[in-house]
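This is final10.txt (compact mmCIF, C-alpha atoms).
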# COMPACT_ATOMS: atom_id res chain seq x y z
CA MET A 1 10.29 37.15 -12.38
CA ARG A 2 8.48 40.12 -13.92
CA SER A 3 7.25 42.87 -11.65
CA SER A 4 4.25 44.26 -13.59
CA GLY A 5 1.04 42.74 -14.94
CA PRO A 6 -1.00 39.92 -13.44
CA ASN A 7 0.90 37.98 -10.80
CA LEU A 8 -0.03 34.41 -11.68
CA SER A 9 2.09 31.30 -11.19
CA ILE A 10 1.10 27.74 -11.99
CA ALA A 11 2.00 24.40 -10.43
CA LEU A 12 1.67 20.93 -11.92
CA ILE A 13 1.10 18.51 -9.05
CA HIS A 14 2.36 14.91 -9.29
CA TYR A 15 1.56 14.17 -5.62
CA PRO A 16 -0.98 13.96 -4.07
CA VAL A 17 -3.19 13.03 -7.03
CA THR A 18 -5.73 10.26 -7.59
CA ASN A 19 -5.57 7.28 -9.89
CA LYS A 20 -8.42 5.72 -11.84
CA ASN A 21 -9.71 3.99 -8.67
CA GLY A 22 -9.55 7.12 -6.50
CA ASP A 23 -6.41 6.03 -4.59
CA ILE A 24 -3.86 8.70 -3.69
CA ILE A 25 -0.70 8.23 -5.77
CA ALA A 26 2.45 9.98 -6.99
CA SER A 27 2.34 10.15 -10.79
CA ALA A 28 5.31 10.10 -13.18
CA VAL A 29 6.56 13.33 -14.74
CA THR A 30 5.55 13.57 -18.42
CA ASN A 31 7.96 15.30 -20.79
CA LEU A 32 5.26 16.88 -22.92
CA ASP A 33 3.39 18.29 -19.90
CA LEU A 34 6.45 20.36 -19.04
CA HIS A 35 6.97 21.53 -22.63
CA ASP A 36 3.37 22.37 -23.44
CA MET A 37 2.58 24.03 -20.14
CA ALA A 38 5.84 26.02 -20.15
CA ARG A 39 5.08 27.27 -23.67
CA SER A 40 1.53 28.25 -22.65
CA ALA A 41 2.84 29.91 -19.48
CA LYS A 42 5.39 31.92 -21.48
CA THR A 43 2.72 32.94 -24.00
CA TYR A 44 0.48 34.41 -21.28
CA GLY A 45 3.12 36.03 -19.08
CA VAL A 46 2.82 33.53 -16.23
CA ARG A 47 5.59 34.28 -13.73
CA ALA A 48 6.68 30.78 -12.81
CA PHE A 49 5.76 27.17 -13.53
CA TYR A 50 6.45 24.73 -10.69
CA ALA A 51 6.63 20.99 -11.30
CA VAL A 52 5.88 19.39 -7.93
CA THR A 53 7.02 15.85 -7.09
CA PRO A 54 8.53 14.35 -3.94
CA LEU A 55 10.12 11.42 -5.82
CA GLU A 56 13.89 11.74 -6.13
CA ASP A 57 14.17 9.90 -9.45
CA GLN A 58 11.38 12.01 -10.94
CA LYS A 59 12.98 15.24 -9.72
CA GLU A 60 16.24 14.13 -11.31
CA LEU A 61 14.53 13.24 -14.59
CA ALA A 62 12.64 16.53 -14.73
CA GLY A 63 15.81 18.43 -13.86
CA LYS A 64 17.78 16.80 -16.68
CA LEU A 65 15.00 17.49 -19.13
CA VAL A 66 14.78 21.16 -18.22
CA ASP A 67 18.58 21.55 -18.21
CA HIS A 68 18.82 20.12 -21.72
CA TRP A 69 16.55 22.85 -23.07
CA VAL A 70 17.78 25.68 -20.85
CA LYS A 71 21.54 25.06 -20.84
CA GLY A 72 22.29 22.08 -23.11
CA GLY A 73 21.96 21.19 -26.77
CA GLY A 74 18.28 22.02 -26.82
CA ALA A 75 18.94 25.66 -25.97
CA ARG A 76 21.06 26.04 -29.11
CA TYR A 77 18.71 23.98 -31.27
CA ASN A 78 15.57 25.87 -30.29
CA PRO A 79 16.03 29.15 -28.36
CA THR A 80 12.28 29.75 -28.09
CA ARG A 81 11.93 26.46 -26.23
CA ARG A 82 14.64 27.65 -23.84
CA GLU A 83 12.65 30.82 -23.11
CA ALA A 84 9.66 28.70 -22.12
CA LEU A 85 11.46 26.07 -20.07
CA GLU A 86 13.35 28.74 -18.13
CA LEU A 87 10.05 29.24 -16.30
CA VAL A 88 10.15 25.72 -14.85
CA THR A 89 11.22 25.09 -11.25
CA ILE A 90 11.07 21.65 -9.62
CA ARG A 91 9.92 21.48 -6.00
CA ASP A 92 9.17 18.72 -3.49
CA ASN A 93 5.74 19.79 -2.35
CA LEU A 94 3.08 22.45 -2.61
CA GLN A 95 3.94 24.11 0.72
CA GLN A 96 7.46 24.86 -0.55
CA VAL A 97 5.98 26.54 -3.60
CA ILE A 98 3.53 28.62 -1.58
CA ASP A 99 6.31 29.70 0.81
CA GLU A 100 8.61 30.62 -2.06
CA ILE A 101 6.03 32.76 -3.85
CA GLY A 102 5.13 34.31 -0.48
CA GLU A 103 8.75 35.33 0.11
CA ILE A 104 9.12 36.85 -3.37
CA ASN A 105 5.90 38.86 -3.09
CA GLY A 106 5.84 39.69 0.59
CA ARG A 107 2.46 38.00 0.88
CA ARG A 108 1.12 34.48 0.55
CA PRO A 109 -0.46 33.73 -2.85
CA LYS A 110 -4.08 32.68 -3.10
CA THR A 111 -4.22 29.08 -4.27
CA VAL A 112 -6.67 28.33 -7.08
CA VAL A 113 -7.93 24.94 -8.24
CA THR A 114 -10.33 23.74 -10.87
CA SER A 115 -12.27 20.55 -10.86
CA ALA A 116 -14.00 18.80 -13.73
CA ARG A 117 -17.07 18.58 -11.47
CA PRO A 118 -18.99 21.71 -10.36
CA GLN A 119 -18.22 22.72 -6.75
CA ASP A 120 -20.11 24.87 -4.25
CA GLY A 121 -18.80 28.43 -4.05
CA SER A 122 -16.79 28.31 -7.27
CA VAL A 123 -15.82 31.64 -8.84
CA THR A 124 -16.19 32.62 -12.51
CA TYR A 125 -13.32 33.28 -14.91
CA GLY A 126 -14.40 36.92 -14.93
CA ASN A 127 -14.12 37.11 -11.13
CA LEU A 128 -10.60 35.69 -11.07
CA ARG A 129 -9.56 37.83 -14.03
CA GLN A 130 -10.51 40.92 -12.01
CA MET A 131 -8.57 39.68 -8.97
CA LEU A 132 -5.51 39.16 -11.16
CA LYS A 133 -5.89 42.61 -12.71
CA ALA A 134 -6.01 44.04 -9.19
CA GLY A 135 -2.57 42.52 -8.59
CA ALA A 136 -3.35 39.65 -6.20
CA PRO A 137 -0.60 37.01 -6.33
CA CYS A 138 -2.27 33.74 -7.31
CA LEU A 139 -0.99 30.18 -7.70
CA MET A 140 -3.08 27.96 -9.94
CA LEU A 141 -2.79 24.21 -9.29
CA PHE A 142 -3.17 21.55 -11.97
CA GLY A 143 -3.42 17.85 -11.21
CA THR A 144 -1.88 15.01 -13.21
CA ALA A 145 -3.31 11.46 -13.51
CA TRP A 146 -7.02 11.47 -12.53
CA GLY A 147 -6.75 14.86 -10.82
CA LEU A 148 -5.80 16.58 -7.56
CA ALA A 149 -6.41 14.70 -4.33
CA PRO A 150 -9.60 15.77 -2.49
CA ASP A 151 -7.53 17.42 0.26
CA CYS A 152 -5.92 19.74 -2.31
CA LEU A 153 -9.35 20.84 -3.47
CA VAL A 154 -10.64 21.40 0.06
CA GLN A 155 -7.59 23.40 1.17
CA ALA A 156 -7.51 25.73 -1.84
CA ASP A 157 -8.46 29.38 -1.33
CA ILE A 158 -10.39 29.65 -4.60
CA ILE A 159 -12.27 27.08 -6.66
CA LEU A 160 -12.58 28.19 -10.26
CA ASP A 161 -15.55 27.14 -12.40
CA PRO A 162 -14.92 23.97 -14.42
CA VAL A 163 -13.80 24.29 -18.02
CA ARG A 164 -16.91 23.24 -19.89
CA GLY A 165 -17.23 22.78 -23.60
CA THR A 166 -20.54 22.43 -25.37
CA GLY A 167 -21.76 19.13 -23.92
CA GLN A 168 -21.23 16.74 -21.03
CA TYR A 169 -17.79 15.46 -22.08
CA ASN A 170 -15.19 16.82 -19.63
CA HIS A 171 -11.97 14.91 -20.24
CA LEU A 172 -9.50 17.44 -21.54
CA SER A 173 -5.80 16.74 -21.10
CA VAL A 174 -4.10 18.81 -18.41
CA ARG A 175 -2.08 20.42 -21.23
CA SER A 176 -5.22 21.55 -23.04
CA ALA A 177 -7.02 22.62 -19.85
CA THR A 178 -4.05 24.77 -18.85
CA ALA A 179 -3.99 26.48 -22.25
CA ILE A 180 -7.73 27.22 -22.16
CA ILE A 181 -7.71 28.49 -18.58
CA LEU A 182 -4.75 30.82 -19.18
CA ASP A 183 -6.48 32.22 -22.27
CA ARG A 184 -9.71 32.79 -20.34
CA LEU A 185 -7.89 34.52 -17.49
CA LEU A 186 -5.22 36.44 -19.38
CA GLY A 187 -5.96 36.36 -23.12
CA ASN A 188 -7.24 39.21 -25.27
CA PHE A 189 -8.89 38.73 -28.63
CA ALA A 190 -11.66 40.12 -30.81
CA MET B 191 -21.77 12.98 -37.23
CA ARG B 192 -24.17 15.27 -35.37
CA SER B 193 -26.71 17.25 -37.34
CA SER B 194 -27.29 20.31 -35.13
CA GLY B 195 -25.04 23.00 -33.68
CA PRO B 196 -21.91 24.52 -35.26
CA ASN B 197 -20.62 22.45 -38.16
CA LEU B 198 -16.86 22.53 -37.51
CA SER B 199 -14.35 19.85 -38.38
CA ILE B 200 -10.60 20.00 -37.80
CA ALA B 201 -7.64 18.54 -39.67
CA LEU B 202 -4.09 18.02 -38.44
CA ILE B 203 -1.80 18.28 -41.45
CA HIS B 204 1.46 16.29 -41.58
CA TYR B 205 2.11 17.19 -45.24
CA PRO B 206 2.76 19.74 -46.63
CA VAL B 207 4.33 21.47 -43.61
CA THR B 208 7.60 23.31 -43.11
CA ASN B 209 10.63 22.34 -41.07
CA LYS B 210 12.87 24.65 -39.08
CA ASN B 211 14.63 25.79 -42.28
CA GLY B 212 11.44 26.46 -44.21
CA ASP B 213 11.70 23.32 -46.39
CA ILE B 214 8.47 21.47 -47.23
CA ILE B 215 8.39 18.13 -45.41
CA ALA B 216 6.08 15.34 -44.26
CA SER B 217 6.18 15.17 -40.46
CA ALA B 218 5.74 12.08 -38.28
CA VAL B 219 2.42 11.42 -36.54
CA THR B 220 2.65 12.17 -32.81
CA ASN B 221 0.59 10.01 -30.46
CA LEU B 222 -0.23 12.80 -28.05
CA ASP B 223 -1.39 15.15 -30.83
CA LEU B 224 -4.12 12.68 -31.71
CA HIS B 225 -5.15 12.13 -28.08
CA ASP B 226 -5.14 15.75 -26.97
CA MET B 227 -6.79 17.13 -30.08
CA ALA B 228 -9.43 14.37 -30.11
CA ARG B 229 -10.27 15.10 -26.47
CA SER B 230 -10.53 18.84 -27.18
CA ALA B 231 -12.62 18.17 -30.29
CA LYS B 232 -15.00 15.95 -28.31
CA THR B 233 -15.26 18.57 -25.55
CA TYR B 234 -16.37 21.28 -27.98
CA GLY B 235 -18.67 19.23 -30.21
CA VAL B 236 -16.35 19.22 -33.23
CA ARG B 237 -17.84 16.87 -35.84
CA ALA B 238 -14.71 15.13 -37.10
CA PHE B 239 -10.95 15.21 -36.61
CA TYR B 240 -8.91 14.26 -39.67
CA ALA B 241 -5.27 13.24 -39.37
CA VAL B 242 -3.76 13.89 -42.80
CA THR B 243 -0.61 12.12 -43.98
CA PRO B 244 0.34 10.56 -47.33
CA LEU B 245 2.96 8.24 -45.79
CA GLU B 246 1.85 4.61 -45.70
CA ASP B 247 3.79 3.71 -42.55
CA GLN B 248 2.44 6.75 -40.73
CA LYS B 249 -1.12 5.97 -41.78
CA GLU B 250 -0.65 2.43 -40.50
CA LEU B 251 0.79 3.66 -37.20
CA ALA B 252 -2.01 6.18 -36.68
CA GLY B 253 -4.60 3.54 -37.60
CA LYS B 254 -3.23 1.07 -35.03
CA LEU B 255 -3.17 3.73 -32.38
CA VAL B 256 -6.75 4.79 -32.99
CA ASP B 257 -7.95 1.17 -33.20
CA HIS B 258 -6.38 0.37 -29.83
CA TRP B 259 -8.47 3.04 -28.13
CA VAL B 260 -11.63 2.61 -30.19
CA LYS B 261 -11.84 -1.19 -30.48
CA GLY B 262 -8.96 -2.72 -28.52
CA GLY B 263 -7.78 -2.88 -24.92
CA GLY B 264 -7.80 0.89 -24.58
CA ALA B 265 -11.54 1.07 -25.17
CA ARG B 266 -12.18 -1.16 -22.15
CA TYR B 267 -9.53 0.53 -20.01
CA ASN B 268 -10.76 4.06 -20.65
CA PRO B 269 -14.17 4.46 -22.34
CA THR B 270 -13.96 8.27 -22.33
CA ARG B 271 -10.80 8.06 -24.42
CA ARG B 272 -12.69 5.86 -26.86
CA GLU B 273 -15.41 8.51 -27.22
CA ALA B 274 -12.76 11.06 -28.18
CA LEU B 275 -10.70 8.90 -30.55
CA GLU B 276 -13.83 7.79 -32.39
CA LEU B 277 -13.73 11.26 -33.96
CA VAL B 278 -10.41 10.52 -35.68
CA THR B 279 -10.27 9.64 -39.40
CA ILE B 280 -6.98 9.19 -41.26
CA ARG B 281 -6.80 10.55 -44.80
CA ASP B 282 -4.10 10.92 -47.48
CA ASN B 283 -4.48 14.56 -48.31
CA LEU B 284 -6.46 17.70 -47.69
CA GLN B 285 -8.48 17.47 -50.90
CA GLN B 286 -9.91 14.11 -49.82
CA VAL B 287 -11.03 15.66 -46.54
CA ILE B 288 -12.65 18.65 -48.24
CA ASP B 289 -14.46 16.36 -50.71
CA GLU B 290 -15.66 14.09 -47.93
CA ILE B 291 -17.09 16.91 -45.82
CA GLY B 292 -18.60 18.38 -48.98
CA GLU B 293 -20.42 15.13 -49.71
CA ILE B 294 -21.75 14.82 -46.18
CA ASN B 295 -23.04 18.39 -46.08
CA GLY B 296 -24.07 18.92 -49.67
CA ARG B 297 -21.70 21.87 -49.89
CA ARG B 298 -17.97 22.42 -49.76
CA PRO B 299 -16.69 23.51 -46.31
CA LYS B 300 -14.86 26.79 -45.91
CA THR B 301 -11.24 26.07 -45.02
CA VAL B 302 -9.81 28.07 -42.13
CA VAL B 303 -6.15 28.50 -41.17
CA THR B 304 -4.30 30.38 -38.49
CA SER B 305 -0.78 31.59 -38.63
CA ALA B 306 1.47 32.68 -35.80
CA ARG B 307 2.21 35.80 -37.88
CA PRO B 308 -0.50 38.42 -38.59
CA GLN B 309 -1.86 38.17 -42.18
CA ASP B 310 -3.73 40.66 -44.36
CA GLY B 311 -7.48 40.15 -44.36
CA SER B 312 -7.59 37.91 -41.30
CA VAL B 313 -10.94 37.55 -39.54
CA THR B 314 -11.59 37.82 -35.80
CA TYR B 315 -12.70 34.98 -33.53
CA GLY B 316 -16.01 36.79 -33.15
CA ASN B 317 -16.49 36.86 -36.95
CA LEU B 318 -15.86 33.14 -37.33
CA ARG B 319 -18.00 32.36 -34.29
CA GLN B 320 -20.93 34.10 -35.99
CA MET B 321 -20.34 32.19 -39.24
CA LEU B 322 -20.36 28.92 -37.30
CA LYS B 323 -23.53 29.91 -35.46
CA ALA B 324 -25.12 30.59 -38.84
CA GLY B 325 -24.42 26.98 -39.77
CA ALA B 326 -21.62 27.32 -42.33
CA PRO B 327 -19.63 24.06 -42.58
CA CYS B 328 -16.02 24.91 -41.77
CA LEU B 329 -12.80 22.89 -41.74
CA MET B 330 -10.05 24.28 -39.56
CA LEU B 331 -6.49 23.26 -40.52
CA PHE B 332 -3.66 22.86 -38.03
CA GLY B 333 -0.05 22.37 -39.06
CA THR B 334 2.51 20.12 -37.39
CA ALA B 335 6.29 20.75 -37.29
CA TRP B 336 7.02 24.44 -38.04
CA GLY B 337 3.56 25.02 -39.48
CA LEU B 338 1.46 24.71 -42.64
CA ALA B 339 3.23 25.17 -45.98
CA PRO B 340 2.77 28.65 -47.49
CA ASP B 341 0.53 27.20 -50.26
CA CYS B 342 -1.90 25.92 -47.62
CA LEU B 343 -2.18 29.40 -46.14
CA VAL B 344 -2.66 31.06 -49.54
CA GLN B 345 -5.33 28.59 -50.68
CA ALA B 346 -7.44 28.77 -47.50
CA ASP B 347 -10.81 30.50 -47.66
CA ILE B 348 -10.44 32.17 -44.26
CA ILE B 349 -7.41 33.29 -42.30
CA LEU B 350 -8.18 33.55 -38.60
CA ASP B 351 -6.38 36.05 -36.37
CA PRO B 352 -3.30 34.61 -34.67
CA VAL B 353 -3.63 33.32 -31.11
CA ARG B 354 -1.81 35.97 -29.15
CA GLY B 355 -1.07 35.89 -25.48
CA THR B 356 0.08 38.90 -23.54
CA GLY B 357 3.47 39.52 -25.17
CA GLN B 358 5.51 38.73 -28.25
CA TYR B 359 6.08 35.03 -27.54
CA ASN B 360 4.03 32.97 -30.02
CA HIS B 361 5.26 29.39 -29.78
CA LEU B 362 2.32 27.40 -28.44
CA SER B 363 2.17 23.68 -29.15
CA VAL B 364 -0.38 22.67 -31.78
CA ARG B 365 -2.19 20.82 -28.98
CA SER B 366 -2.51 23.98 -26.89
CA ALA B 367 -3.36 26.21 -29.86
CA THR B 368 -6.17 23.85 -30.88
CA ALA B 369 -7.63 23.89 -27.37
CA ILE B 370 -7.54 27.68 -27.16
CA ILE B 371 -9.01 28.23 -30.63
CA LEU B 372 -11.88 25.78 -30.03
CA ASP B 373 -12.66 27.52 -26.74
CA ARG B 374 -12.64 30.95 -28.41
CA LEU B 375 -14.91 29.76 -31.22
CA LEU B 376 -17.24 27.41 -29.37
CA GLY B 377 -16.77 27.81 -25.60
CA ASN B 378 -19.14 29.48 -23.16
CA PHE B 379 -18.10 30.74 -19.74
CA ALA B 380 -18.75 33.56 -17.29

Could I get this file's structure written as structure tokens?
Amino acid sequence: MRSSGPNLSIALIHYPVTNKNGDIIASAVTNLDLHDMARSAKTYGVRAFYAVTPLEDQKELAGKLVDHWVKGGGARYNPTRREALELVTIRDNLQQVIDEIGEINGRRPKTVVTSARPQDGSVTYGNLRQMLKAGAPCLMLFGTAWGLAPDCLVQADIILDPVRGTGQYNHLSVRSATAIILDRLLGNFA
Amino acid sequence: MRSSGPNLSIALIHYPVTNKNGDIIASAVTNLDLHDMARSAKTYGVRAFYAVTPLEDQKELAGKLVDHWVKGGGARYNPTRREALELVTIRDNLQQVIDEIGEINGRRPKTVVTSARPQDGSVTYGNLRQMLKAGAPCLMLFGTAWGLAPDCLVQADIILDPVRGTGQYNHLSVRSATAIILDRLLGNFA
């Protein structure tokens, strides 16, 4: 992990998330989520990208996928993909991730969530950008399927404003939402 | 198509693009490119999303995929996905797309490209944002595989600054790059 610059990590949560009917489920790991989010994370200097699932077969699948690109044939075929996927760590649950980042930094990270729906007390992108500039270790959580379980939202330290476009439509993929949020928090352009 | 607001369309080019060795190729249509880019386009009020390929089998595949979500079982399963994929039109080549937008608007759109490498005479996101606010019809081109063929870059009216993150790594997926660019050009947040 790098020791200077904003101290942001991200986690892609596969449990607990909701399905279309609002039930709490464990979702399947999606190959392209790991690739796209790792590439975005690498682009914006994110320190670590945790893929969180308690399911043994999904952990194994994700592990094989990452190994292929970090140590296997993929690493030789496309070295820039290796650089991105080296950021990926697979963990059983969110608490493990929080504890791990806490140990590395000597203090517990603030957990940050977004929701497609506006929430009371949400902070702006500018607010969080300032906190990151000030060096606060933060862990941003992204939900798969129909989004993070309500408990995850309630327990988070910080609720970030929704990503809104120009109208009412708010159904970005998690891959696109991650890219946009990292650019808003860490990007620089004229 | 809508008649007010910025007049931006996007095109995902599958030919002519380059492969890893710099050869000009026709790439395969990727399911998730269409989904993610359609959802981003819908989020930011993009007027149309053209998938451009001259290959008959690829046109057929893309057509089936779009039909499933616009008219078939997918439309009933997930109506918000239908709203996004309704933006997708499949065309043989870039000239067709330019002509079509020209006919709709009564004037030829300006074509816009980005490149991962800095180019002479590139315009800033702020510049292009102002042009869009002023109502200029623009068509933004995105390349699949290893990027748009050099001829596409040379012939474009406008070269937009590269998407840069915080370091030297510049290997975003086309799905992520599209999301970030649309947010920079059309997004609003605090």

For the contact check between chain A and chain B, emit one row per residue of chain A within 10 Å, containing the shortest atom pair and the distance in Å rounded to one decimal, counting only C-alpha atoms, chain then rising number order, as a tab-separated table.
residue	atom	partner	partner_atom	distance
A:Gly5	CA	B:Thr356	CA	9.5
A:Lys20	CA	B:Asn268	CA	9.3
A:Leu32	CA	B:Leu222	CA	8.6
A:His35	CA	B:Ser363	CA	8.4
A:Asp36	CA	B:Ser363	CA	6.0
A:Met37	CA	B:Ser366	CA	8.5
A:Ala38	CA	B:Leu362	CA	9.1
A:Arg39	CA	B:Leu362	CA	5.5
A:Ser40	CA	B:Leu362	CA	5.9
A:Ala41	CA	B:Leu362	CA	9.3
A:Lys42	CA	B:Tyr359	CA	6.8
A:Thr43	CA	B:Gly355	CA	5.0
A:Tyr44	CA	B:Gly355	CA	4.7
A:Gly45	CA	B:Thr356	CA	6.1
A:Val46	CA	B:Thr356	CA	9.5
A:Tyr77	CA	B:Lys210	CA	9.8
A:Asn78	CA	B:Lys210	CA	9.3
A:Thr80	CA	B:His361	CA	7.2
A:Arg81	CA	B:His361	CA	8.1
A:Glu83	CA	B:Tyr359	CA	9.0
A:Ala84	CA	B:His361	CA	8.9
A:Val123	CA	B:Ala380	CA	9.1
A:Thr124	CA	B:Ala380	CA	5.5
A:Tyr125	CA	B:Ala380	CA	5.9
A:Gly126	CA	B:Ala380	CA	6.0
A:Asn127	CA	B:Ala380	CA	8.5
A:Asp161	CA	B:Phe379	CA	8.6
A:Pro162	CA	B:Phe379	CA	9.2
A:Val163	CA	B:Phe379	CA	7.9
A:Arg164	CA	B:Gly377	CA	7.3
A:Gly165	CA	B:Tyr234	CA	4.7
A:Thr166	CA	B:Tyr234	CA	5.1
A:Gly167	CA	B:Thr233	CA	6.7
A:Gln168	CA	B:Thr233	CA	7.7
A:Tyr169	CA	B:Thr233	CA	5.3
A:Asn170	CA	B:Thr233	CA	6.2
A:His171	CA	B:Arg229	CA	6.5
A:Leu172	CA	B:Arg229	CA	5.5
A:Ser173	CA	B:Asp226	CA	6.0
A:Val174	CA	B:Asp226	CA	9.1
A:Arg175	CA	B:Ser366	CA	6.7
A:Ser176	CA	B:Ser366	CA	5.3
A:Ala177	CA	B:Ala369	CA	7.7
A:Thr178	CA	B:Ser366	CA	8.2
A:Ala179	CA	B:Ser366	CA	5.5
A:Ile180	CA	B:Ile370	CA	5.0
A:Ile181	CA	B:Ile370	CA	8.6
A:Leu182	CA	B:Gly355	CA	8.9
A:Asp183	CA	B:Ile370	CA	6.8
A:Arg184	CA	B:Phe379	CA	8.7
A:Leu186	CA	B:Thr356	CA	7.2
A:Gly187	CA	B:Gly355	CA	5.5
A:Asn188	CA	B:Gly355	CA	7.0
A:Phe189	CA	B:Tyr315	CA	7.3
A:Ala190	CA	B:Thr314	CA	5.5

- prompt: Once you count only C-alpha atoms, which residues end up no further than 9 Å from (-6.5, 13.0, -37.1) in the file's frame, shown as a VMD selection string?
  reply: chain B and resid 200 to 203 223 to 224 227 to 228 238 to 242 252 275 277 to 281

- prompt: If you measure from CA of Thr114 in chain A to CA of Val66 in chain A, what distance in Å do you get, rounded to one decimal?
  reply: 26.3 Å

message: Neighbouring residues of Ala339 in chain B were defined as those with any atom within 9 Å, considering all atoms listed in the file; residues of the same chain fewer than 6 positions away were excluded. Please report them as a PyMOL selection string.
response: chain B and resi 205-208+212-215+333

Put the listed atoms of range 295-310 of chain B in a box along x, y and z with 3 Å added on every side and give me the centre and edge lengths in Å to one decimal, as lines of an AutoDock Vina configuration file.
center_x = -10.9
center_y = 29.5
center_z = -42.8
size_x = 32.3
size_y = 28.3
size_z = 20.1

message: The residues within 12 Å of (2.1, 36.9, -9.0), using only C-alpha atoms and the coordinates of the file, should be reported as an MDAnalysis selection string; which are they?
response: chainID A and resid 1:10 45:49 98 100:111 131:140

- prompt: At what distance in Å, to one decimal, does CA of Thr144 in chain A lie from CA of Gln95 in chain A?
  reply: 17.6 Å

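Closest approach to Gln320 in chain B among B:Ile348, B:Leu375, B:Ala335, B:Ala306: B:Leu375, based on all atoms listed in the file.
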
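The smallest atom-to-atom distance between Asp257 in chain B and any of B:Val302, B:Pro340, B:Pro308, B:Glu276, using all atoms listed in the file, is found for B:Glu276.
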
How would range 111-126 of chain A read, as a PDB file, in the coordinates of the input, once N, CA and C atoms are built in?
ATOM      1  N   THR A 111      -4.281  30.292  -3.451  1.00  0.00           N
ATOM      2  CA  THR A 111      -4.220  29.080  -4.270  1.00  0.00           C
ATOM      3  C   THR A 111      -5.561  28.870  -4.977  1.00  0.00           C
ATOM      4  N   VAL A 112      -5.482  28.481  -6.234  1.00  0.00           N
ATOM      5  CA  VAL A 112      -6.670  28.330  -7.080  1.00  0.00           C
ATOM      6  C   VAL A 112      -6.661  26.926  -7.667  1.00  0.00           C
ATOM      7  N   VAL A 113      -7.801  26.255  -7.606  1.00  0.00           N
ATOM      8  CA  VAL A 113      -7.930  24.940  -8.240  1.00  0.00           C
ATOM      9  C   VAL A 113      -9.146  24.939  -9.166  1.00  0.00           C
ATOM     10  N   THR A 114      -9.104  24.030 -10.123  1.00  0.00           N
ATOM     11  CA  THR A 114     -10.330  23.740 -10.870  1.00  0.00           C
ATOM     12  C   THR A 114     -10.637  22.276 -10.686  1.00  0.00           C
ATOM     13  N   SER A 115     -11.858  21.944 -10.922  1.00  0.00           N
ATOM     14  CA  SER A 115     -12.270  20.550 -10.860  1.00  0.00           C
ATOM     15  C   SER A 115     -13.184  20.312 -12.056  1.00  0.00           C
ATOM     16  N   ALA A 116     -13.122  19.117 -12.600  1.00  0.00           N
ATOM     17  CA  ALA A 116     -14.000  18.800 -13.730  1.00  0.00           C
ATOM     18  C   ALA A 116     -15.467  18.821 -13.287  1.00  0.00           C
ATOM     19  N   ARG A 117     -15.703  18.555 -11.995  1.00  0.00           N
ATOM     20  CA  ARG A 117     -17.070  18.580 -11.470  1.00  0.00           C
ATOM     21  C   ARG A 117     -17.379  19.943 -10.841  1.00  0.00           C
ATOM     22  N   PRO A 118     -18.603  20.448 -11.000  1.00  0.00           N
ATOM     23  CA  PRO A 118     -18.990  21.710 -10.360  1.00  0.00           C
ATOM     24  C   PRO A 118     -18.858  21.613  -8.838  1.00  0.00           C
ATOM     25  N   GLN A 119     -18.410  22.689  -8.203  1.00  0.00           N
ATOM     26  CA  GLN A 119     -18.220  22.720  -6.750  1.00  0.00           C
ATOM     27  C   GLN A 119     -18.982  23.905  -6.169  1.00  0.00           C
ATOM     28  N   ASP A 120     -19.465  23.753  -4.935  1.00  0.00           N
ATOM     29  CA  ASP A 120     -20.110  24.870  -4.250  1.00  0.00           C
ATOM     30  C   ASP A 120     -19.116  26.032  -4.103  1.00  0.00           C
ATOM     31  N   GLY A 121     -19.609  27.246  -4.304  1.00  0.00           N
ATOM     32  CA  GLY A 121     -18.800  28.430  -4.050  1.00  0.00           C
ATOM     33  C   GLY A 121     -17.729  28.697  -5.093  1.00  0.00           C
ATOM     34  N   SER A 122     -17.818  28.072  -6.251  1.00  0.00           N
ATOM     35  CA  SER A 122     -16.790  28.310  -7.270  1.00  0.00           C
ATOM     36  C   SER A 122     -16.941  29.711  -7.854  1.00  0.00           C
ATOM     37  N   VAL A 123     -15.807  30.289  -8.274  1.00  0.00           N
ATOM     38  CA  VAL A 123     -15.820  31.640  -8.840  1.00  0.00           C
ATOM     39  C   VAL A 123     -15.741  31.555 -10.362  1.00  0.00           C
ATOM     40  N   THR A 124     -16.210  32.599 -11.041  1.00  0.00           N
ATOM     41  CA  THR A 124     -16.190  32.620 -12.510  1.00  0.00           C
ATOM     42  C   THR A 124     -14.796  33.045 -12.997  1.00  0.00           C
ATOM     43  N   TYR A 125     -14.562  32.820 -14.284  1.00  0.00           N
ATOM     44  CA  TYR A 125     -13.320  33.280 -14.910  1.00  0.00           C
ATOM     45  C   TYR A 125     -13.229  34.797 -14.850  1.00  0.00           C
ATOM     46  N   GLY A 126     -14.370  35.462 -15.022  1.00  0.00           N
ATOM     47  CA  GLY A 126     -14.400  36.920 -14.930  1.00  0.00           C
ATOM     48  C   GLY A 126     -13.993  37.426 -13.555  1.00  0.00           C
TER      49      GLY A 126
END
